[in-house]
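Asker: Just so it is clear, I am handing over structure.tsv, which has TSV, C-alpha atoms and all ligand atoms.
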```
chain	number	residue	atom	x	y	z
A	515	MET	CA	86.87	94.53	107.98
A	516	ILE	CA	90.58	93.83	108.42
A	517	ILE	CA	92.80	93.41	105.37
A	518	GLU	CA	96.23	91.83	105.72
A	519	ARG	CA	98.57	91.83	102.74
A	520	ILE	CA	101.20	89.15	102.26
A	521	GLN	CA	103.54	89.46	99.30
A	522	ALA	CA	103.42	85.84	98.31
A	523	GLY	CA	105.54	83.65	96.12
A	524	VAL	CA	108.59	84.44	94.00
A	525	TYR	CA	106.54	86.85	91.88
A	526	ALA	CA	105.53	88.83	94.99
A	527	VAL	CA	101.84	88.79	94.22
A	528	ASN	CA	99.70	90.82	96.60
A	529	CYS	CA	97.84	88.11	98.48
A	530	TYR	CA	95.12	89.52	100.74
A	531	ILE	CA	93.55	87.99	103.81
A	532	VAL	CA	90.15	89.60	104.31
A	533	VAL	CA	88.62	89.26	107.76
A	534	CYS	CA	85.13	89.93	109.08
A	535	GLU	CA	85.90	91.35	112.51
A	536	ASP	CA	82.45	90.45	113.92
A	537	THR	CA	82.65	86.76	113.14
A	538	LYS	CA	86.42	86.14	112.71
A	539	LYS	CA	85.70	84.52	109.38
A	540	ALA	CA	88.40	85.03	106.75
A	541	CYS	CA	89.03	84.45	103.09
A	542	VAL	CA	92.27	84.50	101.13
A	543	ILE	CA	92.46	86.31	97.80
A	544	ASP	CA	95.16	85.09	95.38
A	545	PRO	CA	97.44	82.90	97.52
A	546	GLY	CA	100.43	82.99	95.17
A	547	GLY	CA	102.67	81.09	97.58
A	548	ASP	CA	103.91	81.31	101.17
A	549	ALA	CA	100.97	79.24	102.37
A	550	ASP	CA	102.60	78.77	105.78
A	551	GLU	CA	102.79	82.52	106.34
A	552	ILE	CA	99.09	82.75	105.46
A	553	LEU	CA	98.28	79.86	107.80
A	554	ASN	CA	100.33	81.45	110.60
A	555	TYR	CA	98.30	84.63	110.33
A	556	ILE	CA	95.07	82.62	110.42
A	557	GLU	CA	96.18	80.67	113.50
A	558	LYS	CA	97.69	83.60	115.35
A	559	ASN	CA	94.48	85.62	115.02
A	560	GLN	CA	92.23	82.63	115.65
A	561	LEU	CA	90.41	83.05	112.37
A	562	GLU	CA	88.18	80.61	110.58
A	563	LEU	CA	89.26	80.31	106.93
A	564	ASP	CA	86.10	80.08	104.82
A	565	PHE	CA	87.29	80.04	101.22
A	566	ILE	CA	89.97	80.98	98.68
A	567	LEU	CA	88.97	83.54	96.07
A	568	LEU	CA	90.94	84.00	92.84
A	569	THR	CA	90.94	87.18	90.77
A	570	HIS	CA	92.09	84.96	87.88
A	571	ALA	CA	93.89	81.66	87.32
A	572	HIS	CA	97.47	82.72	86.48
A	573	GLY	CA	100.28	80.69	88.07
A	574	ASP	CA	101.64	83.57	90.15
A	575	HIS	CA	98.29	83.83	91.99
A	576	ILE	CA	97.66	80.17	92.79
A	577	GLY	CA	100.91	78.60	94.09
A	578	GLY	CA	99.76	78.47	97.72
A	579	ILE	CA	96.48	76.66	97.02
A	580	PRO	CA	97.62	73.00	97.31
A	581	ARG	CA	99.11	73.56	100.77
A	582	LEU	CA	96.14	75.63	101.99
A	583	LYS	CA	93.75	72.93	100.76
A	584	GLU	CA	95.80	70.23	102.45
A	585	MET	CA	95.75	72.05	105.79
A	586	LYS	CA	92.29	73.64	105.76
A	587	ASN	CA	90.25	71.87	103.08
A	588	VAL	CA	88.65	75.11	101.93
A	589	PRO	CA	86.84	75.64	98.61
A	590	VAL	CA	88.32	77.65	95.75
A	591	PHE	CA	86.11	80.23	94.01
A	592	LEU	CA	86.91	81.40	90.48
A	593	HIS	CA	85.07	82.97	87.55
A	594	LYS	CA	83.62	80.42	85.14
A	595	GLU	CA	85.64	81.68	82.17
A	596	ASP	CA	88.98	80.91	83.88
A	597	GLU	CA	88.11	77.35	84.87
A	598	GLY	CA	89.99	75.71	81.98
A	599	MET	CA	93.07	77.79	82.78
A	600	LEU	CA	93.11	76.79	86.46
A	601	MET	CA	92.89	73.11	85.54
A	602	ASP	CA	95.79	73.15	83.08
A	603	ALA	CA	99.36	73.89	84.24
A	604	SER	CA	100.47	74.96	80.77
A	605	LYS	CA	97.50	77.32	80.32
A	606	ASN	CA	97.92	78.91	83.75
A	607	LEU	CA	101.66	79.15	83.09
A	608	SER	CA	102.66	77.47	86.36
A	609	SER	CA	104.53	74.95	84.19
A	610	MET	CA	106.83	77.78	83.07
A	611	MET	CA	107.34	79.28	86.53
A	612	SER	CA	109.64	78.17	89.30
A	613	GLY	CA	107.77	75.88	91.67
A	614	PRO	CA	105.46	72.95	91.02
A	615	ASN	CA	103.02	72.55	88.15
A	616	ILE	CA	99.54	73.37	89.39
A	617	GLY	CA	96.31	72.19	87.84
A	618	LEU	CA	93.19	71.96	89.95
A	619	SER	CA	89.43	72.24	89.70
A	620	PRO	CA	87.62	75.17	91.27
A	621	ASP	CA	84.90	74.26	93.78
A	622	LYS	CA	82.54	77.08	92.87
A	623	LEU	CA	82.25	79.01	89.62
A	624	LEU	CA	81.48	82.71	89.81
A	625	LEU	CA	79.55	85.02	87.50
A	626	ASP	CA	79.32	88.79	87.18
A	627	GLY	CA	77.07	90.23	89.86
A	628	ASP	CA	77.47	87.36	92.32
A	629	ILE	CA	77.58	88.32	95.97
A	630	ILE	CA	79.61	86.13	98.31
A	631	THR	CA	79.07	86.29	102.05
A	632	LEU	CA	81.99	86.34	104.47
A	633	GLY	CA	80.52	86.59	107.95
A	634	ASN	CA	78.78	89.96	107.92
A	635	LEU	CA	80.67	91.20	104.84
A	636	LYS	CA	79.37	91.08	101.31
A	637	LEU	CA	81.87	90.55	98.51
A	638	ASN	CA	80.63	91.81	95.15
A	639	ILE	CA	81.99	89.99	92.10
A	640	ILE	CA	82.65	92.16	89.05
A	641	HIS	CA	83.65	90.38	85.84
A	642	THR	CA	86.44	92.41	84.20
A	643	PRO	CA	87.80	90.43	81.23
A	644	GLY	CA	90.86	91.66	79.34
A	645	HIS	CA	93.85	90.30	81.26
A	646	THR	CA	92.24	86.85	81.17
A	647	ARG	CA	88.75	85.91	79.99
A	648	GLY	CA	87.56	85.20	83.51
A	649	GLY	CA	89.31	87.99	85.41
A	650	ILE	CA	87.30	89.56	88.22
A	651	CYS	CA	87.54	92.46	90.60
A	652	ILE	CA	86.02	92.20	94.07
A	653	LYS	CA	84.37	95.10	95.86
A	654	VAL	CA	83.93	95.02	99.62
A	655	LEU	CA	82.66	98.21	101.28
A	656	ASP	CA	84.92	100.99	99.92
A	657	THR	CA	87.73	98.66	98.85
A	658	LEU	CA	88.22	97.24	95.38
A	659	PHE	CA	90.55	94.28	94.83
A	660	THR	CA	91.59	94.62	91.20
A	661	GLY	CA	93.83	91.59	90.57
A	662	ASP	CA	95.84	92.07	87.37
A	663	THR	CA	93.16	94.23	85.74
A	664	LEU	CA	94.08	97.63	87.24
A	665	PHE	CA	97.37	98.63	88.88
A	666	ALA	CA	98.53	101.97	90.27
A	667	ASN	CA	99.29	103.95	87.09
A	668	SER	CA	99.11	100.86	84.93
A	669	ILE	CA	97.00	97.95	83.72
A	670	GLY	CA	97.51	94.22	83.39
A	671	ARG	CA	99.23	92.80	80.33
A	672	THR	CA	96.97	91.72	77.51
A	673	ASP	CA	99.35	89.64	75.37
A	674	LEU	CA	98.75	86.32	77.15
A	675	GLU	CA	96.10	83.72	76.28
A	676	GLY	CA	92.62	85.23	76.57
A	677	GLY	CA	93.96	88.78	76.84
A	678	SER	CA	92.49	91.75	74.97
A	679	PHE	CA	93.56	95.38	75.24
A	680	GLU	CA	90.17	96.65	74.05
A	681	GLN	CA	88.40	94.47	76.61
A	682	ILE	CA	90.54	95.47	79.59
A	683	ILE	CA	90.09	99.17	78.84
A	684	ASP	CA	86.35	98.64	78.42
A	685	SER	CA	86.19	96.67	81.70
A	686	ILE	CA	88.03	99.40	83.61
A	687	LYS	CA	86.05	102.27	82.16
A	688	ARG	CA	82.58	100.75	82.35
A	689	LYS	CA	82.86	98.67	85.53
A	690	LEU	CA	85.53	100.24	87.77
A	691	LEU	CA	85.62	103.96	87.02
A	692	VAL	CA	81.91	104.11	87.88
A	693	PHE	CA	82.91	103.97	91.55
A	694	ASP	CA	83.50	106.98	93.75
A	695	ASP	CA	86.95	108.63	93.74
A	696	ARG	CA	87.52	107.59	97.37
A	697	VAL	CA	87.27	103.86	96.65
A	698	LYS	CA	90.60	102.20	97.43
A	699	VAL	CA	92.30	100.11	94.76
A	700	LEU	CA	94.21	97.08	96.06
A	701	PRO	CA	95.87	95.49	93.03
A	702	GLY	CA	97.43	92.09	92.42
A	703	HIS	CA	100.91	93.59	92.17
A	704	GLY	CA	102.56	96.80	93.37
A	705	PRO	CA	101.32	99.72	95.47
A	706	TYR	CA	97.79	100.69	96.44
A	707	SER	CA	95.83	103.45	94.74
A	708	THR	CA	92.35	104.93	94.60
A	709	ILE	CA	89.78	105.21	91.82
A	710	GLY	CA	90.23	109.01	91.93
A	711	ALA	CA	94.00	108.79	91.47
A	712	GLU	CA	93.65	106.35	88.57
A	713	ARG	CA	91.00	108.48	86.92
A	714	ILE	CA	93.48	111.37	86.83
A	715	HIS	CA	96.91	109.75	86.50
A	716	ASN	CA	96.57	106.36	84.80
A	717	PRO	CA	98.00	106.87	81.29
A	718	PHE	CA	96.10	103.88	79.85
A	719	ILE	CA	92.67	105.20	80.69
A	720	ASN	CA	93.32	108.86	80.02
A	721	GLN	CA	93.90	108.72	76.30
B	801	ZN	ZN	97.83	87.54	85.70
B	802	ZN	ZN	99.84	88.45	88.42
```
Mind turning the file's structure into structure tokens?
Ligand SMILES: [Zn+2]
Ligand SMILES: [Zn+2]
Answerer:
Amino acid sequence: MIIERIQAGVYAVNCYIVVCEDTKKACVIDPGGDADEILNYIEKNQLELDFILLTHAHGDHIGGIPRLKEMKNVPVFLHKEDEGMLMDASKNLSSMMSGPNIGLSPDKLLLDGDIITLGNLKLNIIHTPGHTRGGICIKVLDTLFTGDTLFANSIGRTDLEGGSFEQIIDSIKRKLLVFDDRVKVLPGHGPYSTIGAERIHNPFINQ
């Protein structure tokens, strides 16, 4: 597996391009903007873009989708509970952000426990509500993409529509901290971490 990070869009979301080295198939997680930079990486490395995967539907994570769809016609995968948010520019807050209003329909709705295939890789979908109702984390081998659920030393905000502090803490404790300390945490914003480091240092989960 190769993981390329592009800090995309004006909100510098961590957009990840995940590549199966055996098959050269790739997916993009949270294309917040800078679609042309993403497309350049795909072309330069002669990859086949299979799908776009969203950790949740907030505007800072979706800005690059229209351009990627126009150029590659790839499907967008999203958890079922965030579908309404993706379709509505005021609910996903893109209407309040710089850049165009974005409202679009997902092509495939995900549920907790789903496994998505990318070449020879298996992407495990973990429903972690709390930041939004349909927020997910994605585990591939020993890497966990945590979106805006878990950050290095912090957690996602819970004061937006669908947010719940109790739920996000419960999601993190029951569904993420069960993993081994060595599992890498690649969040939607900011620096990387590990499950072990968060278990010890994250002030929100060590109360
Ligand atoms: Zn968010
Ligand atoms: Zn975000």
Asker: Nearest to A:Pro717: which of A:Glu551, A:Ser668, A:Ala526, A:Asp684 is it, counting only C-alpha atoms?
Answerer: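 Of the candidates, the smallest distance to A:Pro717 is held by A:Ser668.
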Asker: Please indicate the distance in Å from atom CA of A:Thr708 to atom CA of A:Gly670, rounded to one decimal place.
Answerer: 16.3 Å
Asker: Neighbours of A:Met585 within 12 Å (all atoms listed in the file; same-chain residues fewer than 6 positions away dropped), as a PyMOL selection string?
Answerer: chain A and resi 549-550+552-554+556-557+563+578-579
Asker: So that all listed atoms of stretch 579-584 of chain A fit with 3 Å spare on each side, what axis-aligned box centre and edge lengths in Å, to one decimal, would you give as JSON?
Answerer:
```
{"center_x": 96.4, "center_y": 73.4, "center_z": 99.7, "size_x": 11.4, "size_y": 12.4, "size_z": 11.4}
```
Asker: Give me, as a tab-separated table, each residue of chain A that comes within 10 Å of ligand ZN 801 (chain B), together with its shortest interatomic pair and the distance in Å at one decimal, counting only C-alpha atoms and all ligand atoms, with rows ordered by chain and rising residue number.
Answerer:
```
residue	atom	partner	partner_atom	distance
A:Val527	CA	B:ZN801	ZN	9.5
A:Thr569	CA	B:ZN801	ZN	8.6
A:His570	CA	B:ZN801	ZN	6.7
A:Ala571	CA	B:ZN801	ZN	7.3
A:His572	CA	B:ZN801	ZN	4.9
A:Gly573	CA	B:ZN801	ZN	7.7
A:Asp574	CA	B:ZN801	ZN	7.1
A:His575	CA	B:ZN801	ZN	7.3
A:Asn606	CA	B:ZN801	ZN	8.8
A:Leu607	CA	B:ZN801	ZN	9.6
A:His645	CA	B:ZN801	ZN	6.6
A:Thr646	CA	B:ZN801	ZN	7.2
A:Gly649	CA	B:ZN801	ZN	8.5
A:Gly661	CA	B:ZN801	ZN	7.5
A:Asp662	CA	B:ZN801	ZN	5.2
A:Thr663	CA	B:ZN801	ZN	8.2
A:Gly670	CA	B:ZN801	ZN	7.1
A:Arg671	CA	B:ZN801	ZN	7.6
A:Thr672	CA	B:ZN801	ZN	9.2
A:Leu674	CA	B:ZN801	ZN	8.7
A:Gly677	CA	B:ZN801	ZN	9.7
A:Gly702	CA	B:ZN801	ZN	8.1
A:His703	CA	B:ZN801	ZN	9.4
```
Asker: Just checking: using all atoms listed in the file, which residue out of A:Ala540, A:Phe679, A:Thr657, A:Pro614 ends up closest to A:Tyr706?
Answerer: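 For A:Tyr706, the nearest of the given residues is A:Thr657.
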Asker: Could you name the residues that touch A:Val699 at 10 Å or less, counting only C-alpha atoms, but leaving out those on the same chain fewer than 4 positions away, as an mmCIF file with C-alpha atoms, in the coordinates of the input?
Answerer:
```cif
data_model
loop_
_atom_site.group_PDB
_atom_site.id
_atom_site.type_symbol
_atom_site.label_atom_id
_atom_site.label_comp_id
_atom_site.auth_asym_id
_atom_site.auth_seq_id
_atom_site.Cartn_x
_atom_site.Cartn_y
_atom_site.Cartn_z
ATOM 1 C CA CYS A 651 87.540 92.460 90.600
ATOM 2 C CA LYS A 653 84.370 95.100 95.860
ATOM 3 C CA ASP A 656 84.920 100.990 99.920
ATOM 4 C CA THR A 657 87.730 98.660 98.850
ATOM 5 C CA LEU A 658 88.220 97.240 95.380
ATOM 6 C CA PHE A 659 90.550 94.280 94.830
ATOM 7 C CA THR A 660 91.590 94.620 91.200
ATOM 8 C CA GLY A 661 93.830 91.590 90.570
ATOM 9 C CA LEU A 664 94.080 97.630 87.240
ATOM 10 C CA PHE A 665 97.370 98.630 88.880
ATOM 11 C CA ALA A 666 98.530 101.970 90.270
ATOM 12 C CA LEU A 690 85.530 100.240 87.770
ATOM 13 C CA PRO A 705 101.320 99.720 95.470
ATOM 14 C CA TYR A 706 97.790 100.690 96.440
ATOM 15 C CA SER A 707 95.830 103.450 94.740
ATOM 16 C CA THR A 708 92.350 104.930 94.600
ATOM 17 C CA ILE A 709 89.780 105.210 91.820
ATOM 18 C CA GLY A 710 90.230 109.010 91.930
ATOM 19 C CA ALA A 711 94.000 108.790 91.470
ATOM 20 C CA GLU A 712 93.650 106.350 88.570
#
```
Asker: Identify which of the residues A:His715, A:Ile639, A:Pro701, A:Lys605 lies closest to A:Gln521, counting only C-alpha atoms when measuring atom-to-atom distances.
Answerer: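 For A:Gln521, the nearest of the given residues is A:Pro701.
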Asker: When distances are computed from only C-alpha atoms and all ligand atoms, which of A:Leu635, A:Asp626, A:His641, A:Ile669 shows the smallest separation from ligand ZN 802 (chain B)?
Answerer: A:Ile669
Asker: Could you tell me how far atom CA of A:Ile576 lies from atom CA of A:Asn528, in Å and to one decimal?
Answerer: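 Atom CA of A:Ile576 sits 11.5 Å away from atom CA of A:Asn528.
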Asker: Tell me which of A:Gln560, A:Ser678, A:Asn587, A:Ser612 sits closest to A:Gly546, counting all atoms listed in the file.
Answerer: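 The closest residue to A:Gly546 is A:Ser612.
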Asker: Would you mind telling me which residue in A:Ile616, A:Leu655, A:Cys529, A:Ala603 lies nearest to ligand ZN 802 (chain B) when using all atoms listed in the file?
Answerer: A:Cys529
Asker: By how many Å are atom CA of A:Leu618 and atom CA of A:Val524 apart?
Answerer: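 Between these atoms lies a distance of 20.2 Å.
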Asker: Rebuild stretch 652-684 of chain A to N, CA and C atoms - output it as an mmCIF file, in the coordinates of the input, please.
Answerer:
```
data_model
loop_
_atom_site.group_PDB
_atom_site.id
_atom_site.type_symbol
_atom_site.label_atom_id
_atom_site.label_comp_id
_atom_site.auth_asym_id
_atom_site.auth_seq_id
_atom_site.Cartn_x
_atom_site.Cartn_y
_atom_site.Cartn_z
ATOM 1 N N ILE A 652 86.882 92.496 92.927
ATOM 2 C CA ILE A 652 86.020 92.200 94.070
ATOM 3 C C ILE A 652 85.856 93.469 94.883
ATOM 4 N N LYS A 653 84.609 93.894 95.073
ATOM 5 C CA LYS A 653 84.370 95.100 95.860
ATOM 6 C C LYS A 653 83.768 94.726 97.208
ATOM 7 N N VAL A 654 84.424 95.202 98.261
ATOM 8 C CA VAL A 654 83.930 95.020 99.620
ATOM 9 C C VAL A 654 83.936 96.386 100.290
ATOM 10 N N LEU A 655 82.782 96.862 100.713
ATOM 11 C CA LEU A 655 82.660 98.210 101.280
ATOM 12 C C LEU A 655 83.318 99.217 100.342
ATOM 13 N N ASP A 656 84.307 99.997 100.811
ATOM 14 C CA ASP A 656 84.920 100.990 99.920
ATOM 15 C C ASP A 656 86.277 100.527 99.395
ATOM 16 N N THR A 657 86.464 99.218 99.336
ATOM 17 C CA THR A 657 87.730 98.660 98.850
ATOM 18 C C THR A 657 87.472 97.797 97.627
ATOM 19 N N LEU A 658 88.336 97.986 96.625
ATOM 20 C CA LEU A 658 88.220 97.240 95.380
ATOM 21 C C LEU A 658 89.522 96.457 95.158
ATOM 22 N N PHE A 659 89.407 95.136 95.148
ATOM 23 C CA PHE A 659 90.550 94.280 94.830
ATOM 24 C C PHE A 659 90.569 94.101 93.316
ATOM 25 N N THR A 660 91.639 94.547 92.662
ATOM 26 C CA THR A 660 91.590 94.620 91.200
ATOM 27 C C THR A 660 92.443 93.566 90.487
ATOM 28 N N GLY A 661 93.067 92.651 91.232
ATOM 29 C CA GLY A 661 93.830 91.590 90.570
ATOM 30 C C GLY A 661 94.827 92.160 89.586
ATOM 31 N N ASP A 662 94.928 91.554 88.397
ATOM 32 C CA ASP A 662 95.840 92.070 87.370
ATOM 33 C C ASP A 662 95.079 92.869 86.318
ATOM 34 N N THR A 663 93.902 93.380 86.675
ATOM 35 C CA THR A 663 93.160 94.230 85.740
ATOM 36 C C THR A 663 93.661 95.667 85.835
ATOM 37 N N LEU A 664 93.677 96.220 87.045
ATOM 38 C CA LEU A 664 94.080 97.630 87.240
ATOM 39 C C LEU A 664 95.164 97.711 88.302
ATOM 40 N N PHE A 665 96.280 98.352 87.943
ATOM 41 C CA PHE A 665 97.370 98.630 88.880
ATOM 42 C C PHE A 665 97.479 100.137 89.084
ATOM 43 N N ALA A 666 98.247 100.547 90.100
ATOM 44 C CA ALA A 666 98.530 101.970 90.270
ATOM 45 C C ALA A 666 99.280 102.452 89.028
ATOM 46 N N ASN A 667 98.682 103.371 88.307
ATOM 47 C CA ASN A 667 99.290 103.950 87.090
ATOM 48 C C ASN A 667 99.518 102.976 85.955
ATOM 49 N N SER A 668 98.903 101.825 86.014
ATOM 50 C CA SER A 668 99.110 100.860 84.930
ATOM 51 C C SER A 668 97.921 99.915 84.835
ATOM 52 N N ILE A 669 98.026 98.987 83.884
ATOM 53 C CA ILE A 669 97.000 97.950 83.720
ATOM 54 C C ILE A 669 97.694 96.620 83.499
ATOM 55 N N GLY A 670 96.936 95.536 83.600
ATOM 56 C CA GLY A 670 97.510 94.220 83.390
ATOM 57 C C GLY A 670 97.890 94.000 81.933
ATOM 58 N N ARG A 671 98.828 93.080 81.717
ATOM 59 C CA ARG A 671 99.230 92.800 80.330
ATOM 60 C C ARG A 671 98.100 92.076 79.604
ATOM 61 N N THR A 672 98.077 92.272 78.298
ATOM 62 C CA THR A 672 96.970 91.720 77.510
ATOM 63 C C THR A 672 97.472 90.825 76.379
ATOM 64 N N ASP A 673 98.763 90.442 76.458
ATOM 65 C CA ASP A 673 99.350 89.640 75.370
ATOM 66 C C ASP A 673 99.365 88.149 75.679
ATOM 67 N N LEU A 674 98.795 87.746 76.812
ATOM 68 C CA LEU A 674 98.750 86.320 77.150
ATOM 69 C C LEU A 674 97.429 85.733 76.669
ATOM 70 N N GLU A 675 97.327 84.399 76.751
ATOM 71 C CA GLU A 675 96.100 83.720 76.280
ATOM 72 C C GLU A 675 94.847 84.340 76.914
ATOM 73 N N GLY A 676 93.881 84.674 76.082
ATOM 74 C CA GLY A 676 92.620 85.230 76.570
ATOM 75 C C GLY A 676 92.665 86.728 76.812
ATOM 76 N N GLY A 677 93.832 87.355 76.589
ATOM 77 C CA GLY A 677 93.960 88.780 76.840
ATOM 78 C C GLY A 677 93.430 89.625 75.686
ATOM 79 N N SER A 678 92.966 90.822 76.007
ATOM 80 C CA SER A 678 92.490 91.750 74.970
ATOM 81 C C SER A 678 92.610 93.174 75.504
ATOM 82 N N PHE A 679 93.387 93.993 74.808
ATOM 83 C CA PHE A 679 93.560 95.380 75.240
ATOM 84 C C PHE A 679 92.229 96.134 75.221
ATOM 85 N N GLU A 680 91.458 95.958 74.149
ATOM 86 C CA GLU A 680 90.170 96.650 74.050
ATOM 87 C C GLU A 680 89.263 96.256 75.222
ATOM 88 N N GLN A 681 89.275 94.957 75.531
ATOM 89 C CA GLN A 681 88.400 94.470 76.610
ATOM 90 C C GLN A 681 88.822 95.000 77.981
ATOM 91 N N ILE A 682 90.120 95.039 78.246
ATOM 92 C CA ILE A 682 90.540 95.470 79.590
ATOM 93 C C ILE A 682 90.221 96.951 79.780
ATOM 94 N N ILE A 683 90.412 97.742 78.738
ATOM 95 C CA ILE A 683 90.090 99.170 78.840
ATOM 96 C C ILE A 683 88.577 99.355 79.037
ATOM 97 N N ASP A 684 87.813 98.571 78.291
ATOM 98 C CA ASP A 684 86.350 98.640 78.420
ATOM 99 C C ASP A 684 85.913 98.221 79.832
#
```
